[in-house]
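Source file: input-v3.txt (compact mmCIF, N, CA and C atoms)
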```txt
# COMPACT_ATOMS: atom_id res chain seq x y z
N LEU J 229 18.47 -31.98 40.74
CA LEU J 229 19.67 -31.40 41.31
C LEU J 229 20.20 -32.19 42.49
N GLY J 230 19.89 -33.45 42.54
CA GLY J 230 20.41 -34.29 43.61
C GLY J 230 19.60 -34.23 44.89
N LYS J 231 18.49 -33.51 44.90
CA LYS J 231 17.69 -33.40 46.12
C LYS J 231 16.86 -34.67 46.32
N GLY J 232 16.84 -35.15 47.55
CA GLY J 232 16.02 -36.30 47.87
C GLY J 232 16.64 -37.64 47.52
N ILE J 233 17.87 -37.66 47.03
CA ILE J 233 18.52 -38.92 46.71
C ILE J 233 19.02 -39.58 47.99
N PHE J 234 18.72 -40.86 48.13
CA PHE J 234 19.24 -41.59 49.28
C PHE J 234 19.48 -43.03 48.88
N ILE J 235 20.30 -43.70 49.66
CA ILE J 235 20.62 -45.11 49.45
C ILE J 235 20.09 -45.89 50.64
N THR J 236 19.46 -47.01 50.36
CA THR J 236 18.94 -47.85 51.44
C THR J 236 19.17 -49.31 51.09
N ARG J 237 19.28 -50.11 52.10
CA ARG J 237 19.37 -51.55 51.91
C ARG J 237 18.03 -52.21 52.22
N ASN J 238 17.04 -51.38 52.62
CA ASN J 238 15.73 -51.88 53.02
C ASN J 238 14.66 -51.33 52.08
N PRO J 239 14.05 -52.18 51.26
CA PRO J 239 13.02 -51.71 50.32
C PRO J 239 11.84 -51.03 51.00
N ASP J 240 11.60 -51.32 52.28
CA ASP J 240 10.49 -50.67 52.99
C ASP J 240 10.73 -49.18 53.20
N ASP J 241 11.98 -48.71 53.03
CA ASP J 241 12.29 -47.28 53.16
C ASP J 241 11.71 -46.46 52.01
N VAL J 242 11.40 -47.12 50.89
CA VAL J 242 10.86 -46.43 49.71
C VAL J 242 9.35 -46.45 49.84
N LYS J 243 8.78 -45.29 50.20
CA LYS J 243 7.35 -45.22 50.49
C LYS J 243 6.55 -44.44 49.45
N ALA J 244 7.10 -43.39 48.93
CA ALA J 244 6.34 -42.54 48.00
C ALA J 244 6.22 -43.23 46.65
N THR J 245 5.12 -42.98 45.96
CA THR J 245 4.90 -43.61 44.66
C THR J 245 5.59 -42.87 43.53
N ASP J 246 6.09 -41.66 43.79
CA ASP J 246 6.72 -40.89 42.73
C ASP J 246 8.25 -40.93 42.81
N GLN J 247 8.81 -41.98 43.39
CA GLN J 247 10.26 -42.12 43.50
C GLN J 247 10.78 -43.05 42.42
N LEU J 248 11.96 -42.76 41.96
CA LEU J 248 12.67 -43.64 41.04
C LEU J 248 13.59 -44.52 41.88
N VAL J 249 13.55 -45.80 41.62
CA VAL J 249 14.37 -46.75 42.39
C VAL J 249 15.31 -47.45 41.43
N ALA J 250 16.57 -47.55 41.84
CA ALA J 250 17.56 -48.25 41.03
C ALA J 250 18.34 -49.20 41.93
N LYS J 251 18.66 -50.35 41.40
CA LYS J 251 19.45 -51.32 42.16
C LYS J 251 20.93 -51.05 41.89
N ILE J 252 21.71 -51.01 42.96
CA ILE J 252 23.14 -50.76 42.83
C ILE J 252 23.84 -52.06 42.45
N ILE J 253 24.72 -52.00 41.47
CA ILE J 253 25.52 -53.14 41.07
C ILE J 253 26.61 -53.32 42.10
N HIS J 254 26.72 -54.51 42.67
CA HIS J 254 27.68 -54.73 43.76
C HIS J 254 29.13 -54.83 43.29
N LYS J 255 29.36 -55.17 42.04
CA LYS J 255 30.73 -55.21 41.51
C LYS J 255 30.79 -54.35 40.25
N PRO J 256 30.68 -53.03 40.41
CA PRO J 256 30.68 -52.16 39.23
C PRO J 256 32.08 -52.08 38.61
N HIS J 257 32.12 -51.76 37.33
CA HIS J 257 33.41 -51.49 36.68
C HIS J 257 33.91 -50.16 37.22
N LEU J 258 35.17 -50.10 37.59
CA LEU J 258 35.74 -48.90 38.19
C LEU J 258 36.90 -48.39 37.35
N ILE J 259 37.16 -47.11 37.44
CA ILE J 259 38.37 -46.52 36.86
C ILE J 259 39.19 -45.99 38.02
N GLU J 260 40.34 -46.62 38.22
CA GLU J 260 41.24 -46.29 39.33
C GLU J 260 40.51 -46.25 40.68
N GLY J 261 39.54 -47.16 40.84
CA GLY J 261 38.83 -47.28 42.10
C GLY J 261 37.58 -46.42 42.24
N TYR J 262 37.23 -45.66 41.21
CA TYR J 262 36.08 -44.75 41.28
C TYR J 262 34.96 -45.23 40.35
N LYS J 263 33.71 -45.12 40.84
CA LYS J 263 32.56 -45.39 39.99
C LYS J 263 32.43 -44.27 38.96
N TYR J 264 31.85 -44.61 37.83
CA TYR J 264 31.66 -43.62 36.77
C TYR J 264 30.46 -44.02 35.93
N ASP J 265 29.98 -43.09 35.15
CA ASP J 265 29.01 -43.42 34.12
C ASP J 265 29.35 -42.63 32.87
N LEU J 266 28.89 -43.12 31.76
CA LEU J 266 29.14 -42.49 30.46
C LEU J 266 27.80 -42.15 29.83
N ARG J 267 27.74 -40.97 29.23
CA ARG J 267 26.54 -40.58 28.49
C ARG J 267 26.93 -40.37 27.03
N VAL J 268 26.18 -41.02 26.18
CA VAL J 268 26.34 -40.87 24.75
C VAL J 268 24.99 -40.38 24.23
N TYR J 269 25.02 -39.29 23.50
CA TYR J 269 23.78 -38.70 23.01
C TYR J 269 23.49 -39.21 21.60
N VAL J 270 22.27 -39.73 21.42
CA VAL J 270 21.88 -40.38 20.18
C VAL J 270 20.51 -39.85 19.75
N LEU J 271 20.37 -39.62 18.46
CA LEU J 271 19.08 -39.24 17.89
C LEU J 271 18.65 -40.33 16.92
N VAL J 272 17.51 -40.96 17.20
CA VAL J 272 16.96 -41.98 16.31
C VAL J 272 15.93 -41.29 15.44
N VAL J 273 16.17 -41.28 14.11
CA VAL J 273 15.25 -40.60 13.20
C VAL J 273 14.42 -41.57 12.38
N GLY J 274 14.76 -42.84 12.44
CA GLY J 274 13.98 -43.84 11.71
C GLY J 274 14.20 -45.22 12.28
N ILE J 275 13.15 -46.04 12.21
CA ILE J 275 13.24 -47.40 12.74
C ILE J 275 13.43 -48.42 11.62
N SER J 276 12.72 -48.24 10.52
CA SER J 276 12.80 -49.20 9.42
C SER J 276 12.90 -48.44 8.10
N PRO J 277 14.09 -48.22 7.58
CA PRO J 277 15.37 -48.72 8.08
C PRO J 277 15.84 -47.88 9.28
N LEU J 278 16.67 -48.50 10.09
CA LEU J 278 17.20 -47.81 11.28
C LEU J 278 18.14 -46.70 10.85
N ARG J 279 17.85 -45.48 11.33
CA ARG J 279 18.71 -44.32 11.06
C ARG J 279 19.00 -43.65 12.40
N VAL J 280 20.27 -43.62 12.74
CA VAL J 280 20.70 -43.12 14.04
C VAL J 280 21.85 -42.15 13.85
N TYR J 281 21.80 -41.02 14.55
CA TYR J 281 22.91 -40.07 14.59
C TYR J 281 23.47 -40.07 16.00
N VAL J 282 24.78 -40.19 16.10
CA VAL J 282 25.46 -40.18 17.39
C VAL J 282 26.25 -38.88 17.47
N TYR J 283 25.99 -38.10 18.52
CA TYR J 283 26.71 -36.85 18.74
C TYR J 283 28.16 -37.17 19.07
N ARG J 284 29.09 -36.44 18.49
CA ARG J 284 30.52 -36.74 18.67
C ARG J 284 31.00 -36.61 20.11
N ASP J 285 30.44 -35.66 20.84
CA ASP J 285 30.86 -35.46 22.22
C ASP J 285 29.97 -36.28 23.16
N GLY J 286 30.57 -36.75 24.23
CA GLY J 286 29.83 -37.48 25.25
C GLY J 286 30.18 -36.87 26.59
N LEU J 287 29.80 -37.56 27.63
CA LEU J 287 30.03 -37.05 28.97
C LEU J 287 30.40 -38.21 29.87
N ALA J 288 31.44 -38.03 30.66
CA ALA J 288 31.82 -39.01 31.69
C ALA J 288 31.66 -38.33 33.04
N ARG J 289 30.99 -39.01 33.96
CA ARG J 289 30.82 -38.47 35.32
C ARG J 289 31.42 -39.47 36.30
N PHE J 290 32.11 -38.95 37.31
CA PHE J 290 32.79 -39.80 38.28
C PHE J 290 32.31 -39.50 39.69
N ALA J 291 32.29 -40.53 40.52
CA ALA J 291 32.13 -40.34 41.95
C ALA J 291 33.44 -39.73 42.46
N THR J 292 33.41 -39.06 43.58
CA THR J 292 34.60 -38.37 44.07
C THR J 292 35.26 -39.05 45.26
N HIS J 293 34.66 -40.14 45.76
CA HIS J 293 35.28 -40.95 46.80
C HIS J 293 35.48 -42.35 46.24
N LYS J 294 36.60 -43.00 46.56
CA LYS J 294 36.86 -44.34 46.06
C LYS J 294 35.77 -45.30 46.52
N TYR J 295 35.43 -46.21 45.63
CA TYR J 295 34.33 -47.14 45.87
C TYR J 295 34.70 -48.23 46.87
N GLU J 296 33.76 -48.53 47.74
CA GLU J 296 33.80 -49.70 48.62
C GLU J 296 32.43 -50.36 48.53
N LYS J 297 32.40 -51.65 48.69
CA LYS J 297 31.13 -52.37 48.67
C LYS J 297 30.17 -51.72 49.68
N PRO J 298 28.90 -51.52 49.30
CA PRO J 298 27.95 -50.89 50.22
C PRO J 298 27.83 -51.64 51.54
N SER J 299 27.82 -50.88 52.62
CA SER J 299 27.68 -51.44 53.97
C SER J 299 26.88 -50.45 54.81
N ASP J 300 26.55 -50.85 56.01
CA ASP J 300 25.83 -49.93 56.91
C ASP J 300 26.68 -48.70 57.22
N LYS J 301 28.00 -48.85 57.22
CA LYS J 301 28.89 -47.73 57.56
C LYS J 301 29.04 -46.71 56.43
N ASN J 302 28.96 -47.15 55.17
CA ASN J 302 29.22 -46.21 54.08
C ASN J 302 28.01 -45.94 53.19
N ALA J 303 26.86 -46.48 53.52
CA ALA J 303 25.68 -46.30 52.67
C ALA J 303 25.27 -44.84 52.53
N SER J 304 25.60 -44.02 53.50
CA SER J 304 25.22 -42.61 53.43
C SER J 304 26.23 -41.77 52.64
N ASP J 305 27.34 -42.36 52.21
CA ASP J 305 28.36 -41.63 51.45
C ASP J 305 27.97 -41.58 49.97
N LEU J 306 27.13 -40.61 49.63
CA LEU J 306 26.65 -40.50 48.26
C LEU J 306 27.78 -40.19 47.28
N ASN J 307 28.85 -39.54 47.76
CA ASN J 307 29.99 -39.23 46.89
C ASN J 307 30.76 -40.49 46.48
N MET J 308 30.52 -41.59 47.15
CA MET J 308 31.15 -42.85 46.81
C MET J 308 30.28 -43.67 45.86
N HIS J 309 29.00 -43.64 46.08
CA HIS J 309 28.09 -44.55 45.38
C HIS J 309 27.42 -43.95 44.16
N LEU J 310 27.38 -42.62 44.05
CA LEU J 310 26.67 -41.98 42.94
C LEU J 310 27.59 -41.09 42.13
N THR J 311 27.30 -40.97 40.85
CA THR J 311 28.10 -40.12 39.97
C THR J 311 27.39 -38.81 39.64
N ASN J 312 26.28 -38.56 40.27
CA ASN J 312 25.47 -37.37 40.03
C ASN J 312 26.30 -36.09 40.27
N TYR J 313 26.36 -35.23 39.27
CA TYR J 313 27.16 -34.00 39.37
C TYR J 313 26.71 -33.13 40.53
N ALA J 314 25.39 -32.98 40.69
CA ALA J 314 24.88 -32.10 41.75
C ALA J 314 25.32 -32.57 43.13
N ILE J 315 25.55 -33.84 43.29
CA ILE J 315 26.01 -34.37 44.57
C ILE J 315 27.52 -34.20 44.72
N ASN J 316 28.28 -34.48 43.68
CA ASN J 316 29.74 -34.51 43.77
C ASN J 316 30.43 -33.16 43.56
N LYS J 317 29.72 -32.17 43.08
CA LYS J 317 30.37 -30.89 42.75
C LYS J 317 30.99 -30.20 43.96
N ASP J 318 30.47 -30.42 45.16
CA ASP J 318 31.00 -29.76 46.36
C ASP J 318 31.90 -30.66 47.21
N SER J 319 32.23 -31.83 46.68
CA SER J 319 33.05 -32.79 47.42
C SER J 319 34.49 -32.28 47.55
N ASP J 320 35.10 -32.59 48.69
CA ASP J 320 36.51 -32.23 48.87
C ASP J 320 37.38 -33.03 47.93
```

Take the structure I supplied and represent it as structure tokens, if you would.
Amino acid sequence: LGKGIFITRNPDDVKATDQLVAKIIHKPHLIEGYKYDLRVYVLVVGISPLRVYVYRDGLARFATHKYEKPSDKNASDLNMHLTNYAINKDSD
């Protein structure tokens, strides 16, 4: 639910062994200046031969603040850098 998510420019800030770490892409593809991600749901039922079902509906999630390159001034603005619904749902 978005709890415990933070952005850092210093790898030493990540101390716990049960954390997921992701590197932010510095030049992400944007839609009208906003970061986004797309989810496509797929069921793989066979490998040889490959049999895949793709669900017709997908999901697009957007950040709610226009993107700027990460800096010391905006690194704490999770609404700019992340598309997580739990973080952006209460954004102005």

Just the number, please: distance in Å from atom C of J:Val270 to atom CA of J:Tyr313, one decimal.
21.5 Å

Using backbone DSSP assignments, extract all helix (DSSP H, G or I) residues from chain J; output them as a ChimeraX atom specification.
/J:239-241,306-309,313-316

Output for the residues just chosen: N, CA and C atoms as a PDB file, in the frame of the given file:
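And here's again-v6.pdb as it stands now:
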```
ATOM      1  N   PRO J 239      14.050 -52.180  51.260  1.00  0.00           N
ATOM      2  CA  PRO J 239      13.020 -51.710  50.320  1.00  0.00           C
ATOM      3  C   PRO J 239      11.840 -51.030  51.000  1.00  0.00           C
ATOM      4  N   ASP J 240      11.600 -51.320  52.280  1.00  0.00           N
ATOM      5  CA  ASP J 240      10.490 -50.670  52.990  1.00  0.00           C
ATOM      6  C   ASP J 240      10.730 -49.180  53.200  1.00  0.00           C
ATOM      7  N   ASP J 241      11.980 -48.710  53.030  1.00  0.00           N
ATOM      8  CA  ASP J 241      12.290 -47.280  53.160  1.00  0.00           C
ATOM      9  C   ASP J 241      11.710 -46.460  52.010  1.00  0.00           C
ATOM     10  N   LEU J 306      27.130 -40.610  49.630  1.00  0.00           N
ATOM     11  CA  LEU J 306      26.650 -40.500  48.260  1.00  0.00           C
ATOM     12  C   LEU J 306      27.780 -40.190  47.280  1.00  0.00           C
ATOM     13  N   ASN J 307      28.850 -39.540  47.760  1.00  0.00           N
ATOM     14  CA  ASN J 307      29.990 -39.230  46.890  1.00  0.00           C
ATOM     15  C   ASN J 307      30.760 -40.490  46.480  1.00  0.00           C
ATOM     16  N   MET J 308      30.520 -41.590  47.150  1.00  0.00           N
ATOM     17  CA  MET J 308      31.150 -42.850  46.810  1.00  0.00           C
ATOM     18  C   MET J 308      30.280 -43.670  45.860  1.00  0.00           C
ATOM     19  N   HIS J 309      29.000 -43.640  46.080  1.00  0.00           N
ATOM     20  CA  HIS J 309      28.090 -44.550  45.380  1.00  0.00           C
ATOM     21  C   HIS J 309      27.420 -43.950  44.160  1.00  0.00           C
ATOM     22  N   TYR J 313      26.360 -35.230  39.270  1.00  0.00           N
ATOM     23  CA  TYR J 313      27.160 -34.000  39.370  1.00  0.00           C
ATOM     24  C   TYR J 313      26.710 -33.130  40.530  1.00  0.00           C
ATOM     25  N   ALA J 314      25.390 -32.980  40.690  1.00  0.00           N
ATOM     26  CA  ALA J 314      24.880 -32.100  41.750  1.00  0.00           C
ATOM     27  C   ALA J 314      25.320 -32.570  43.130  1.00  0.00           C
ATOM     28  N   ILE J 315      25.550 -33.840  43.290  1.00  0.00           N
ATOM     29  CA  ILE J 315      26.010 -34.370  44.570  1.00  0.00           C
ATOM     30  C   ILE J 315      27.520 -34.200  44.720  1.00  0.00           C
ATOM     31  N   ASN J 316      28.280 -34.480  43.680  1.00  0.00           N
ATOM     32  CA  ASN J 316      29.740 -34.510  43.770  1.00  0.00           C
ATOM     33  C   ASN J 316      30.430 -33.160  43.560  1.00  0.00           C
TER      34      ASN J 316
END
```

Select from chain J everything DSSP, run on the backbone, classes as strand (DSSP E), then give the selection as number ranges by chain.
J: 264-275, 278-290

State, in Å with one decimal place, the distance from atom C of J:Tyr281 to atom C of J:Val249.
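These atoms are spaced 27.7 Å apart.
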
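You will find atom CA of J:Tyr269 at 5.5 Å from atom CA of J:Tyr283.
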
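You can rank J:Gly261, J:Ser319, J:Asp241, J:Ala250 by their closest distance to J:Tyr295 using all atoms listed in the file, and at the top of that list sits J:Gly261.
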
For J:Lys255, which residue out of J:Lys297, J:Ala288, J:Asn312, J:Val272 is the nearest one, using all atoms listed in the file?
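For J:Lys255, the nearest of the candidates is J:Lys297.
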
Return the single residue from J:Thr292, J:Thr236, J:Asp285, J:Gly274 that is closest to J:Ile315, with distances computed using only N, CA and C atoms.
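Using only N, CA and C atoms, J:Ile315 sits closest to J:Thr292.
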
Compare J:Lys251, J:Lys301, J:Lys294, J:Arg237 by their minimum atom-to-atom distance to J:Tyr264, counting only C-alpha atoms, and give me the closest one.
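Among the listed residues, J:Lys294 lies closest to J:Tyr264.
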
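If only N, CA and C atoms are the atoms counted, then among J:Asp318, J:Asp240, J:Asp305, J:Asp265 the closest residue to J:Arg289 is J:Asp265.
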
Would you mind telling me which residue in J:Val268, J:Leu258, J:Leu310, J:Ile253 lies nearest to J:Val282 when using only C-alpha atoms?
J:Val268
